[in-house]
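Engineer: Sharing input-v8.tsv here; it has TSV, C-alpha atoms.
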```
chain	number	residue	atom	x	y	z
T	28	MET	CA	0.00	0.00	0.00
T	29	GLY	CA	1.35	3.40	-0.89
T	30	SER	CA	1.96	5.78	1.94
T	31	GLY	CA	0.14	8.53	0.16
T	32	MET	CA	0.88	11.83	-1.53
T	33	SER	CA	2.41	13.66	1.40
T	34	SER	CA	1.42	17.22	2.06
T	35	ALA	CA	4.17	19.72	2.85
T	36	ARG	CA	2.12	22.83	3.56
T	37	ARG	CA	3.31	23.29	7.13
T	38	ARG	CA	6.60	21.47	7.28
T	39	GLY	CA	10.07	21.88	5.87
T	40	PHE	CA	11.47	20.04	2.91
T	41	GLY	CA	14.58	18.55	4.52
T	42	LEU	CA	15.23	14.83	4.04
T	43	GLU	CA	15.28	12.69	7.15
T	44	ALA	CA	18.22	10.51	8.11
T	45	SER	CA	18.27	7.02	6.64
T	46	ARG	CA	16.41	4.40	8.67
T	47	GLY	CA	17.56	1.41	6.67
T	48	MET	CA	14.40	1.18	4.55
T	49	LEU	CA	16.11	1.76	1.21
T	50	PRO	CA	18.29	-1.39	1.52
T	51	LEU	CA	15.09	-3.29	2.33
T	52	LEU	CA	13.47	-1.86	-0.82
T	53	ALA	CA	16.51	-2.88	-2.88
T	54	LEU	CA	16.27	-6.40	-1.42
T	55	GLN	CA	12.60	-6.67	-2.41
T	56	VAL	CA	13.40	-5.58	-5.96
T	57	LEU	CA	16.25	-8.10	-6.21
T	58	ILE	CA	14.00	-10.90	-4.94
T	59	GLU	CA	11.21	-10.06	-7.41
T	60	TYR	CA	13.49	-9.65	-10.42
T	61	GLY	CA	15.82	-12.49	-9.49
T	62	ARG	CA	13.20	-15.20	-9.18
T	63	ALA	CA	13.47	-18.07	-11.64
T	64	GLY	CA	10.98	-17.51	-14.44
T	65	ALA	CA	10.30	-13.91	-13.39
T	66	SER	CA	9.10	-11.63	-16.20
T	67	ARG	CA	11.33	-8.69	-15.13
T	68	PRO	CA	9.24	-5.85	-16.63
T	69	PRO	CA	11.60	-3.03	-17.69
T	70	VAL	CA	9.26	-0.02	-17.38
T	71	THR	CA	8.49	-0.80	-13.74
T	72	ALA	CA	12.22	-1.13	-13.06
T	73	ALA	CA	12.86	2.22	-14.77
T	74	LEU	CA	10.18	3.95	-12.67
T	75	LEU	CA	11.62	2.48	-9.47
T	76	ALA	CA	15.12	3.62	-10.44
T	77	ALA	CA	13.96	7.13	-11.42
T	78	ASN	CA	12.10	7.75	-8.15
T	79	SER	CA	14.96	6.36	-6.06
T	80	LEU	CA	17.68	8.33	-7.87
T	81	ILE	CA	15.70	11.57	-7.60
T	82	TYR	CA	15.34	11.02	-3.86
T	83	LEU	CA	19.00	10.05	-3.29
T	84	ARG	CA	20.43	12.67	-5.72
T	85	PRO	CA	23.83	10.97	-6.03
T	86	GLY	CA	26.89	12.76	-7.40
T	87	ALA	CA	26.27	15.18	-10.26
T	88	LEU	CA	22.49	14.68	-10.11
T	89	ASP	CA	22.35	16.80	-6.98
T	90	GLY	CA	23.37	19.86	-8.98
T	91	VAL	CA	21.16	19.07	-11.97
T	92	LEU	CA	17.85	18.16	-10.33
T	93	PRO	CA	15.65	20.99	-9.01
T	94	SER	CA	15.01	21.13	-5.28
T	95	LEU	CA	11.94	19.65	-3.64
T	96	SER	CA	10.48	23.09	-2.88
T	97	ARG	CA	10.83	24.00	-6.57
T	98	VAL	CA	8.72	21.11	-7.85
T	99	SER	CA	6.12	20.47	-5.12
T	100	PHE	CA	2.58	20.39	-6.48
T	101	ASN	CA	0.83	23.69	-5.70
T	102	PRO	CA	-2.43	24.45	-7.56
T	103	GLN	CA	-2.15	28.19	-7.04
T	104	LEU	CA	1.34	28.45	-8.55
T	105	ILE	CA	0.41	26.16	-11.44
T	106	VAL	CA	-2.82	27.97	-12.35
T	107	GLU	CA	-1.79	31.57	-11.76
T	108	PHE	CA	1.84	31.39	-12.91
T	109	GLY	CA	1.76	28.44	-15.34
T	110	ASP	CA	4.48	26.56	-13.42
T	111	LEU	CA	4.27	23.24	-15.31
T	112	THR	CA	7.46	21.96	-13.67
T	113	ARG	CA	5.41	21.36	-10.53
T	114	PHE	CA	2.69	19.67	-12.57
T	115	PHE	CA	4.94	17.04	-14.19
T	116	LEU	CA	7.81	16.50	-11.73
T	117	SER	CA	6.12	16.50	-8.33
T	118	PRO	CA	5.04	12.80	-8.56
T	119	PHE	CA	8.70	11.72	-8.72
T	120	TYR	CA	9.75	13.51	-5.50
T	121	HIS	CA	9.27	12.18	-1.97
T	122	LEU	CA	9.48	13.79	1.44
T	123	SER	CA	11.19	11.01	3.38
T	124	GLU	CA	12.70	7.58	3.19
T	125	SER	CA	9.55	5.95	4.54
T	126	HIS	CA	7.43	7.88	2.03
T	127	LEU	CA	9.60	6.60	-0.83
T	128	PHE	CA	9.71	3.05	0.57
T	129	TYR	CA	5.94	2.57	0.83
T	130	ASN	CA	5.23	4.13	-2.55
T	131	MET	CA	7.93	2.13	-4.33
T	132	THR	CA	6.84	-1.12	-2.66
T	133	SER	CA	3.33	-0.47	-3.95
T	134	LEU	CA	4.69	0.39	-7.41
T	135	LEU	CA	6.74	-2.81	-7.48
T	136	TRP	CA	3.72	-5.01	-6.74
T	137	LYS	CA	1.24	-3.21	-9.03
T	138	GLY	CA	3.72	-2.52	-11.82
T	139	ILE	CA	4.85	-6.13	-12.21
T	140	GLN	CA	1.26	-7.37	-12.46
T	141	LEU	CA	0.05	-4.69	-14.86
T	142	GLU	CA	3.11	-4.58	-17.12
T	143	THR	CA	3.25	-8.38	-17.37
T	144	SER	CA	-0.39	-8.56	-18.44
T	145	MET	CA	-0.49	-5.44	-20.65
T	146	GLY	CA	2.96	-5.38	-22.21
T	147	SER	CA	5.65	-2.76	-21.62
T	148	ALA	CA	4.58	-0.30	-24.33
T	149	GLU	CA	0.93	-0.16	-23.24
T	150	PHE	CA	1.94	-0.04	-19.57
T	151	ALA	CA	4.27	2.92	-20.21
T	152	SER	CA	1.47	4.66	-22.11
T	153	MET	CA	-0.95	4.00	-19.25
T	154	VAL	CA	1.43	5.43	-16.64
T	155	ALA	CA	1.92	8.60	-18.71
T	156	VAL	CA	-1.84	9.03	-19.15
T	157	LEU	CA	-2.60	8.32	-15.49
T	158	LEU	CA	0.05	10.80	-14.35
T	159	GLY	CA	-1.42	13.57	-16.50
T	160	LEU	CA	-5.00	12.72	-15.57
T	161	SER	CA	-4.38	12.45	-11.82
T	162	GLN	CA	-2.49	15.76	-11.72
T	163	GLY	CA	-5.06	17.48	-13.92
T	164	ILE	CA	-8.08	16.23	-11.96
T	165	THR	CA	-6.44	17.22	-8.66
T	166	LEU	CA	-5.87	20.70	-10.08
T	167	LEU	CA	-9.51	20.96	-11.18
T	168	LEU	CA	-10.78	19.78	-7.80
T	169	SER	CA	-8.65	22.35	-5.98
T	170	LYS	CA	-9.81	25.18	-8.22
T	171	GLY	CA	-13.42	23.99	-8.04
T	172	LEU	CA	-13.43	24.04	-4.23
T	173	LEU	CA	-12.02	27.55	-4.28
T	174	LEU	CA	-14.78	28.72	-6.63
T	175	LEU	CA	-17.39	27.10	-4.39
T	176	GLY	CA	-16.32	29.31	-1.50
T	177	ASP	CA	-13.85	27.03	0.29
T	178	ASP	CA	-10.78	28.68	1.79
T	179	THR	CA	-7.32	28.24	0.29
T	180	ALA	CA	-6.49	25.10	2.33
T	181	TYR	CA	-6.38	22.87	-0.77
T	182	TYR	CA	-5.60	25.56	-3.34
T	183	ASP	CA	-2.44	26.65	-1.52
T	184	GLN	CA	-1.33	23.17	-0.46
T	185	HIS	CA	2.07	21.70	-1.43
T	186	ALA	CA	2.23	17.98	-2.14
T	187	VAL	CA	4.66	15.47	-3.66
T	188	GLY	CA	4.72	11.72	-4.24
T	189	PHE	CA	3.78	9.01	-6.72
T	190	SER	CA	0.71	7.86	-4.83
T	191	GLY	CA	-1.78	9.66	-7.09
T	192	VAL	CA	-0.62	7.45	-9.96
T	193	LEU	CA	-0.58	4.42	-7.64
T	194	PHE	CA	-4.23	4.96	-6.67
T	195	ALA	CA	-5.11	5.14	-10.37
T	196	MET	CA	-3.15	1.92	-11.03
T	197	LYS	CA	-5.01	0.23	-8.18
T	198	VAL	CA	-8.33	1.11	-9.83
T	199	VAL	CA	-7.17	-0.30	-13.18
T	200	LEU	CA	-5.79	-3.44	-11.55
T	201	ASN	CA	-8.85	-4.28	-9.45
T	202	THR	CA	-11.80	-2.94	-11.43
T	203	TRP	CA	-12.74	-6.34	-12.93
T	204	SER	CA	-11.70	-8.42	-9.92
T	205	ASP	CA	-14.25	-10.40	-7.89
T	206	ASP	CA	-11.70	-11.15	-5.15
T	207	PHE	CA	-11.51	-9.73	-1.64
T	208	VAL	CA	-8.46	-8.02	-0.13
T	209	TYR	CA	-7.29	-7.39	3.43
T	210	LEU	CA	-6.88	-3.72	4.22
T	211	HIS	CA	-5.78	-2.81	7.76
T	212	GLY	CA	-7.58	-5.84	9.15
T	213	MET	CA	-10.70	-5.23	7.05
T	214	VAL	CA	-11.91	-7.48	4.25
T	215	VAL	CA	-13.24	-5.45	1.32
T	216	PRO	CA	-14.03	-6.27	-2.33
T	217	ALA	CA	-10.96	-5.62	-4.48
T	218	LYS	CA	-12.90	-3.31	-6.83
T	219	TYR	CA	-13.57	-0.95	-3.90
T	220	ALA	CA	-10.14	-1.25	-2.28
T	221	ALA	CA	-8.96	2.13	-3.59
T	222	TRP	CA	-11.93	3.94	-2.04
T	223	ALA	CA	-11.46	2.17	1.29
T	224	GLU	CA	-7.76	2.97	1.28
T	225	LEU	CA	-8.53	6.63	0.51
T	226	ILE	CA	-10.56	6.92	3.71
T	227	LEU	CA	-8.26	4.83	5.91
T	228	ILE	CA	-5.11	6.74	4.91
T	229	GLN	CA	-6.81	10.03	5.63
T	230	VAL	CA	-7.85	8.76	9.08
T	231	PHE	CA	-4.50	7.23	10.09
T	232	ILE	CA	-2.16	9.63	8.21
T	233	PRO	CA	-3.93	13.02	8.28
T	234	GLY	CA	-0.98	14.87	6.73
T	235	THR	CA	-1.54	13.28	3.32
T	236	SER	CA	-3.21	14.99	0.35
T	237	PHE	CA	-6.83	13.86	0.16
T	238	LEU	CA	-7.41	15.58	-3.17
T	239	GLY	CA	-4.26	14.02	-4.66
T	240	HIS	CA	-5.48	10.51	-3.81
T	241	LEU	CA	-9.03	11.25	-4.92
T	242	GLY	CA	-7.69	12.65	-8.18
T	243	GLY	CA	-5.79	9.39	-8.71
T	244	ILE	CA	-8.90	7.27	-8.23
T	245	LEU	CA	-10.92	9.43	-10.62
T	246	ALA	CA	-8.05	9.30	-13.12
T	247	GLY	CA	-8.18	5.49	-13.06
T	248	LEU	CA	-11.93	5.55	-13.71
T	249	VAL	CA	-11.53	8.04	-16.58
T	250	TYR	CA	-8.77	5.90	-18.11
T	251	LEU	CA	-10.96	2.79	-18.03
T	252	TRP	CA	-13.83	4.72	-19.62
T	253	LEU	CA	-11.52	5.94	-22.40
T	254	LYS	CA	-10.26	2.39	-23.02
T	255	ARG	CA	-13.83	1.12	-23.38
T	256	ALA	CA	-14.85	4.04	-25.60
T	257	PHE	CA	-11.89	3.77	-27.98
T	258	ASN	CA	-10.90	0.25	-28.94
T	259	GLY	CA	-7.42	-0.53	-30.18
T	260	PRO	CA	-4.02	0.85	-29.19
T	261	ASP	CA	-3.88	4.54	-28.29
T	262	PRO	CA	-1.48	6.96	-30.05
T	263	ILE	CA	0.90	7.07	-27.08
T	264	THR	CA	1.23	3.27	-27.10
T	265	LEU	CA	1.95	3.30	-30.84
T	266	LEU	CA	4.58	6.01	-30.39
T	267	ILE	CA	6.29	4.15	-27.53
T	268	SER	CA	6.23	0.88	-29.50
T	269	SER	CA	7.82	2.56	-32.54
T	270	VAL	CA	10.57	4.15	-30.46
T	271	ALA	CA	11.22	0.87	-28.65
T	272	ASN	CA	11.48	-1.01	-31.95
T	273	VAL	CA	14.03	1.48	-33.28
T	274	VAL	CA	16.11	1.44	-30.09
T	275	THR	CA	16.13	-2.35	-29.71
T	276	TRP	CA	16.69	-3.14	-33.41
T	277	PRO	CA	20.49	-3.70	-33.05
T	278	VAL	CA	19.90	-6.12	-30.16
T	279	ARG	CA	17.26	-8.07	-32.07
T	280	PHE	CA	19.49	-8.17	-35.17
T	281	ALA	CA	22.37	-9.62	-33.14
T	282	GLN	CA	20.05	-12.19	-31.55
T	283	ASN	CA	18.81	-13.30	-34.98
T	284	LEU	CA	22.39	-13.71	-36.18
T	285	LEU	CA	23.28	-15.87	-33.18
T	286	ARG	CA	20.12	-17.93	-33.55
T	287	SER	CA	20.84	-18.47	-37.26
T	288	ALA	CA	24.43	-19.53	-36.55
T	289	ARG	CA	23.33	-22.04	-33.92
T	290	SER	CA	20.74	-23.59	-36.23
T	291	GLN	CA	23.26	-24.32	-38.99
T	292	GLY	CA	24.47	-27.47	-37.24
T	293	ARG	CA	28.05	-28.61	-36.56
T	294	ALA	CA	30.67	-29.72	-39.09
T	295	THR	CA	32.22	-33.20	-38.91
T	296	GLY	CA	34.47	-35.02	-41.38
T	297	ARG	CA	33.86	-34.25	-45.03
T	298	GLY	CA	30.14	-33.71	-44.48
T	299	ARG	CA	27.92	-32.21	-41.85
T	300	VAL	CA	25.39	-33.51	-39.33
T	301	GLY	CA	22.66	-30.97	-38.80
T	302	ARG	CA	18.92	-30.60	-38.46
T	303	ARG	CA	16.52	-33.00	-40.14
T	304	ILE	CA	15.49	-30.86	-43.10
T	305	SER	CA	14.56	-31.52	-46.69
T	306	ALA	CA	17.08	-32.45	-49.34
T	307	ARG	CA	16.65	-29.15	-51.17
T	308	ASP	CA	18.05	-27.30	-48.13
T	309	SER	CA	21.39	-29.15	-48.35
T	310	PRO	CA	24.51	-27.24	-49.47
T	311	ARG	CA	25.22	-27.17	-53.19
T	312	GLY	CA	27.18	-30.25	-54.29
T	313	PHE	CA	25.90	-32.40	-51.41
T	314	TRP	CA	22.80	-34.47	-50.63
T	315	ARG	CA	21.49	-34.98	-47.09
T	316	CYS	CA	20.91	-38.47	-45.76
T	317	PRO	CA	17.32	-38.85	-44.48
T	318	THR	CA	18.45	-41.27	-41.76
T	319	CYS	CA	21.43	-39.60	-40.07
T	320	THR	CA	21.28	-36.10	-41.72
T	321	TYR	CA	24.92	-36.44	-42.91
T	322	ASP	CA	25.80	-34.33	-45.97
T	323	ASN	CA	27.31	-36.56	-48.66
T	324	SER	CA	28.96	-35.72	-51.95
T	325	VAL	CA	26.75	-36.01	-55.03
T	326	SER	CA	29.37	-38.37	-56.50
T	327	THR	CA	28.11	-41.17	-54.24
T	328	ASP	CA	24.64	-42.70	-53.93
T	329	ILE	CA	25.28	-44.35	-50.55
T	330	CYS	CA	25.56	-42.42	-47.29
T	331	GLU	CA	29.13	-42.56	-46.06
T	332	MET	CA	27.94	-42.50	-42.45
T	333	CYS	CA	25.14	-45.09	-42.30
T	334	SER	CA	25.09	-46.63	-45.85
T	335	THR	CA	21.53	-45.50	-46.56
T	336	ALA	CA	20.69	-45.19	-50.27
T	337	ARG	CA	20.12	-41.76	-51.71
T	338	GLU	CA	16.38	-40.98	-51.89
T	339	ASP	CA	16.21	-39.73	-55.47
T	340	HIS	CA	18.24	-42.76	-56.64
T	341	ALA	CA	16.45	-45.26	-54.44
T	342	PHE	CA	14.42	-46.84	-57.27
T	343	LEU	CA	17.48	-47.43	-59.45
T	344	ARG	CA	19.36	-48.70	-56.42
T	345	ARG	CA	16.63	-51.24	-55.58
T	346	GLN	CA	16.64	-52.46	-59.22
T	347	HIS	CA	20.38	-52.95	-59.00
T	348	HIS	CA	20.03	-54.93	-55.77
T	349	GLN	CA	17.25	-57.09	-57.22
T	350	ALA	CA	19.31	-57.85	-60.31
T	351	ARG	CA	22.13	-59.07	-58.10
T	352	GLY	CA	19.72	-60.95	-55.88
T	353	SER	CA	20.76	-58.96	-52.85
T	354	THR	CA	18.52	-57.99	-49.92
T	355	GLU	CA	18.19	-54.90	-47.74
T	356	LEU	CA	20.93	-54.37	-45.18
T	357	SER	CA	20.07	-55.63	-41.74
T	358	VAL	CA	20.29	-53.44	-38.64
T	359	ASP	CA	23.38	-55.35	-37.45
T	360	GLU	CA	25.08	-54.83	-40.80
T	361	MET	CA	24.39	-51.07	-40.69
T	362	ARG	CA	25.79	-50.90	-37.14
T	363	ARG	CA	28.90	-52.83	-38.22
T	364	ARG	CA	29.53	-50.47	-41.12
T	365	ARG	CA	29.16	-47.43	-38.92
T	366	LEU	CA	31.73	-48.80	-36.48
T	367	GLN	CA	34.09	-49.47	-39.34
T	368	ARG	CA	33.67	-45.90	-40.54
T	369	PHE	CA	34.52	-44.40	-37.11
T	370	ASP	CA	37.49	-46.78	-36.62
T	371	ARG	CA	39.28	-45.53	-39.72
```
Take the structure in this file and express it as structure tokens.
Structural biologist:
Amino acid sequence: MGSGMSSARRRGFGLEASRGMLPLLALQVLIEYGRAGASRPPVTAALLAANSLIYLRPGALDGVLPSLSRVSFNPQLIVEFGDLTRFFLSPFYHLSESHLFYNMTSLLWKGIQLETSMGSAEFASMVAVLLGLSQGITLLLSKGLLLLGDDTAYYDQHAVGFSGVLFAMKVVLNTWSDDFVYLHGMVVPAKYAAWAELILIQVFIPGTSFLGHLGGILAGLVYLWLKRAFNGPDPITLLISSVANVVTWPVRFAQNLLRSARSQGRATGRGRVGRRISARDSPRGFWRCPTCTYDNSVSTDICEMCSTAREDHAFLRRQHHQARGSTELSVDEMRRRRLQRFDR
């Protein structure tokens, strides 16, 4: 469960001392991605790395990345001054180590399930859409409350964190589920888990942004409605797929070369023992034995490895044997000839 989009209206933006939760997060990621047969979805891994690096700000990143106070989500600054940096970057910033840990643990669990079932391109498209929708709906809710006569409590609030997107992902993940989930000791239908979590987090962690979480839930519902209304891949998914195909083309080309080289078989003696394929696929100047797949020279009609007659000359060969009154070679005779061949 995500810890929520933390509000920073009345507190400073300093990072707390490490409490050992980040190594625990790294251990969870290693366990999930190191399991035998694990799908290892790359977009989820990239999101985990981006959020963690922005929080840790190692080396040169500390001088490049804007400060937390510069990117915190504030509806008043976004609407009145057009500060879009706060709109797009605030989800990737976190107030504390525990805030980052709970959000990234939730992202790890939800991201692996969704990306595995949807595919990386569609999952990346969904995350981009959910981020924009959750931020936009939160902005509209804040402005709407102000117009309705509410004070500036929500309109002037600062908030950061990925939990708005996580609430939207929870809606997408559970909307068609008939299962039940445990939530703080309560058993609730999975399709209503996001709503229950919205209320429980606000009760137990009052410093979180209620509108940010509500905006995430509504964003998930809007996304599902758009998916039902417009069948087929969306433009963002097509764009991401095209870029991914271009970027990964050299890797796929190298893999195809290796796969082709492995399928050619291995050379031995004057011929080659390879896959059981048709005679027309044999190298020029050779014919492939249907019994042992050894490539023989066209100058001979008998396989040099197992003494099997050449297929296209089989009828003439049988006539020759009948004229001489000979019979087909027995299994023991074929085995004896093979041994003689290897003993040379």
Engineer: From the options T:Ala65, T:Val274, T:Leu174, T:Leu122, which residue's atoms come nearest to Ser79 of chain T, counting all atoms listed in the file?
Structural biologist: T:Leu122
Engineer: Compare T:Ala180, T:Leu210, T:Val156, T:Ala72 by their minimum atom-to-atom distance to Ile139 of chain T, counting only C-alpha atoms, and give me the closest one.
Structural biologist: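 Ranking T:Ala180, T:Leu210, T:Val156, T:Ala72 by distance to Ile139 of chain T, first place goes to T:Ala72.
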Engineer: Applying 6 Å and all atoms listed in the file, which residues near Gly247 of chain T remain after dropping the ones on its own chain fewer than 6 positions away? List them as number ranges by chain.
Structural biologist: T: 195, 198-199
Engineer: Using all atoms listed in the file, which residue out of T:Thr264, T:Arg315, T:His126, T:Ala256 lies closest to Gly234 of chain T?
Structural biologist: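 Once distances to Gly234 of chain T are computed over all atoms listed in the file, the minimum belongs to T:His126.
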Engineer: Rebuild N, CA, C and O atoms on segment 177-196 of chain T, as a PDB file, in the coordinates of the input?
Structural biologist:
```pdb
ATOM      1  N   ASP T 177     -14.757  27.605  -0.696  1.00  0.00           N
ATOM      2  CA  ASP T 177     -13.850  27.030   0.290  1.00  0.00           C
ATOM      3  C   ASP T 177     -12.634  27.950   0.443  1.00  0.00           C
ATOM      4  O   ASP T 177     -12.283  28.703  -0.455  1.00  0.00           O
ATOM      5  N   ASP T 178     -11.989  27.873   1.606  1.00  0.00           N
ATOM      6  CA  ASP T 178     -10.780  28.680   1.790  1.00  0.00           C
ATOM      7  C   ASP T 178      -9.635  28.109   0.963  1.00  0.00           C
ATOM      8  O   ASP T 178      -9.812  27.180   0.186  1.00  0.00           O
ATOM      9  N   THR T 179      -8.448  28.639   1.121  1.00  0.00           N
ATOM     10  CA  THR T 179      -7.320  28.240   0.290  1.00  0.00           C
ATOM     11  C   THR T 179      -6.557  27.048   0.844  1.00  0.00           C
ATOM     12  O   THR T 179      -5.392  26.840   0.505  1.00  0.00           O
ATOM     13  N   ALA T 180      -7.199  26.228   1.709  1.00  0.00           N
ATOM     14  CA  ALA T 180      -6.490  25.100   2.330  1.00  0.00           C
ATOM     15  C   ALA T 180      -5.972  24.136   1.270  1.00  0.00           C
ATOM     16  O   ALA T 180      -4.824  23.702   1.326  1.00  0.00           O
ATOM     17  N   TYR T 181      -6.811  23.779   0.285  1.00  0.00           N
ATOM     18  CA  TYR T 181      -6.380  22.870  -0.770  1.00  0.00           C
ATOM     19  C   TYR T 181      -5.699  23.606  -1.913  1.00  0.00           C
ATOM     20  O   TYR T 181      -4.776  23.092  -2.532  1.00  0.00           O
ATOM     21  N   TYR T 182      -6.138  24.828  -2.185  1.00  0.00           N
ATOM     22  CA  TYR T 182      -5.600  25.560  -3.340  1.00  0.00           C
ATOM     23  C   TYR T 182      -4.161  25.988  -3.106  1.00  0.00           C
ATOM     24  O   TYR T 182      -3.382  26.115  -4.039  1.00  0.00           O
ATOM     25  N   ASP T 183      -3.788  26.204  -1.845  1.00  0.00           N
ATOM     26  CA  ASP T 183      -2.440  26.650  -1.520  1.00  0.00           C
ATOM     27  C   ASP T 183      -1.598  25.522  -0.918  1.00  0.00           C
ATOM     28  O   ASP T 183      -0.553  25.773  -0.330  1.00  0.00           O
ATOM     29  N   GLN T 184      -2.035  24.308  -1.068  1.00  0.00           N
ATOM     30  CA  GLN T 184      -1.330  23.170  -0.460  1.00  0.00           C
ATOM     31  C   GLN T 184      -0.192  22.698  -1.344  1.00  0.00           C
ATOM     32  O   GLN T 184      -0.299  22.674  -2.569  1.00  0.00           O
ATOM     33  N   HIS T 185       0.929  22.300  -0.714  1.00  0.00           N
ATOM     34  CA  HIS T 185       2.070  21.700  -1.430  1.00  0.00           C
ATOM     35  C   HIS T 185       2.033  20.193  -1.205  1.00  0.00           C
ATOM     36  O   HIS T 185       1.813  19.734  -0.085  1.00  0.00           O
ATOM     37  N   ALA T 186       2.256  19.438  -2.270  1.00  0.00           N
ATOM     38  CA  ALA T 186       2.230  17.980  -2.140  1.00  0.00           C
ATOM     39  C   ALA T 186       3.203  17.361  -3.139  1.00  0.00           C
ATOM     40  O   ALA T 186       3.444  17.916  -4.223  1.00  0.00           O
ATOM     41  N   VAL T 187       3.778  16.222  -2.764  1.00  0.00           N
ATOM     42  CA  VAL T 187       4.660  15.470  -3.660  1.00  0.00           C
ATOM     43  C   VAL T 187       4.377  13.982  -3.456  1.00  0.00           C
ATOM     44  O   VAL T 187       3.757  13.575  -2.472  1.00  0.00           O
ATOM     45  N   GLY T 188       4.850  13.171  -4.399  1.00  0.00           N
ATOM     46  CA  GLY T 188       4.720  11.720  -4.240  1.00  0.00           C
ATOM     47  C   GLY T 188       4.013  11.068  -5.416  1.00  0.00           C
ATOM     48  O   GLY T 188       3.227  11.700  -6.131  1.00  0.00           O
ATOM     49  N   PHE T 189       4.296   9.789  -5.595  1.00  0.00           N
ATOM     50  CA  PHE T 189       3.780   9.010  -6.720  1.00  0.00           C
ATOM     51  C   PHE T 189       2.433   8.356  -6.417  1.00  0.00           C
ATOM     52  O   PHE T 189       1.908   7.618  -7.237  1.00  0.00           O
ATOM     53  N   SER T 190       1.882   8.619  -5.249  1.00  0.00           N
ATOM     54  CA  SER T 190       0.710   7.860  -4.830  1.00  0.00           C
ATOM     55  C   SER T 190      -0.550   8.189  -5.618  1.00  0.00           C
ATOM     56  O   SER T 190      -1.468   7.378  -5.692  1.00  0.00           O
ATOM     57  N   GLY T 191      -0.629   9.385  -6.233  1.00  0.00           N
ATOM     58  CA  GLY T 191      -1.780   9.660  -7.090  1.00  0.00           C
ATOM     59  C   GLY T 191      -1.840   8.686  -8.252  1.00  0.00           C
ATOM     60  O   GLY T 191      -2.904   8.136  -8.577  1.00  0.00           O
ATOM     61  N   VAL T 192      -0.688   8.425  -8.879  1.00  0.00           N
ATOM     62  CA  VAL T 192      -0.620   7.450  -9.960  1.00  0.00           C
ATOM     63  C   VAL T 192      -0.868   6.040  -9.428  1.00  0.00           C
ATOM     64  O   VAL T 192      -1.525   5.216 -10.083  1.00  0.00           O
ATOM     65  N   LEU T 193      -0.392   5.748  -8.226  1.00  0.00           N
ATOM     66  CA  LEU T 193      -0.580   4.420  -7.640  1.00  0.00           C
ATOM     67  C   LEU T 193      -2.052   4.142  -7.351  1.00  0.00           C
ATOM     68  O   LEU T 193      -2.519   3.016  -7.538  1.00  0.00           O
ATOM     69  N   PHE T 194      -2.790   5.143  -6.883  1.00  0.00           N
ATOM     70  CA  PHE T 194      -4.230   4.960  -6.670  1.00  0.00           C
ATOM     71  C   PHE T 194      -4.930   4.684  -8.004  1.00  0.00           C
ATOM     72  O   PHE T 194      -5.836   3.851  -8.083  1.00  0.00           O
ATOM     73  N   ALA T 195      -4.524   5.385  -9.052  1.00  0.00           N
ATOM     74  CA  ALA T 195      -5.110   5.140 -10.370  1.00  0.00           C
ATOM     75  C   ALA T 195      -4.777   3.730 -10.858  1.00  0.00           C
ATOM     76  O   ALA T 195      -5.638   3.036 -11.427  1.00  0.00           O
ATOM     77  N   MET T 196      -3.542   3.275 -10.633  1.00  0.00           N
ATOM     78  CA  MET T 196      -3.150   1.920 -11.030  1.00  0.00           C
ATOM     79  C   MET T 196      -3.939   0.880 -10.244  1.00  0.00           C
ATOM     80  O   MET T 196      -4.290  -0.176 -10.776  1.00  0.00           O
TER      81      MET T 196
END
```
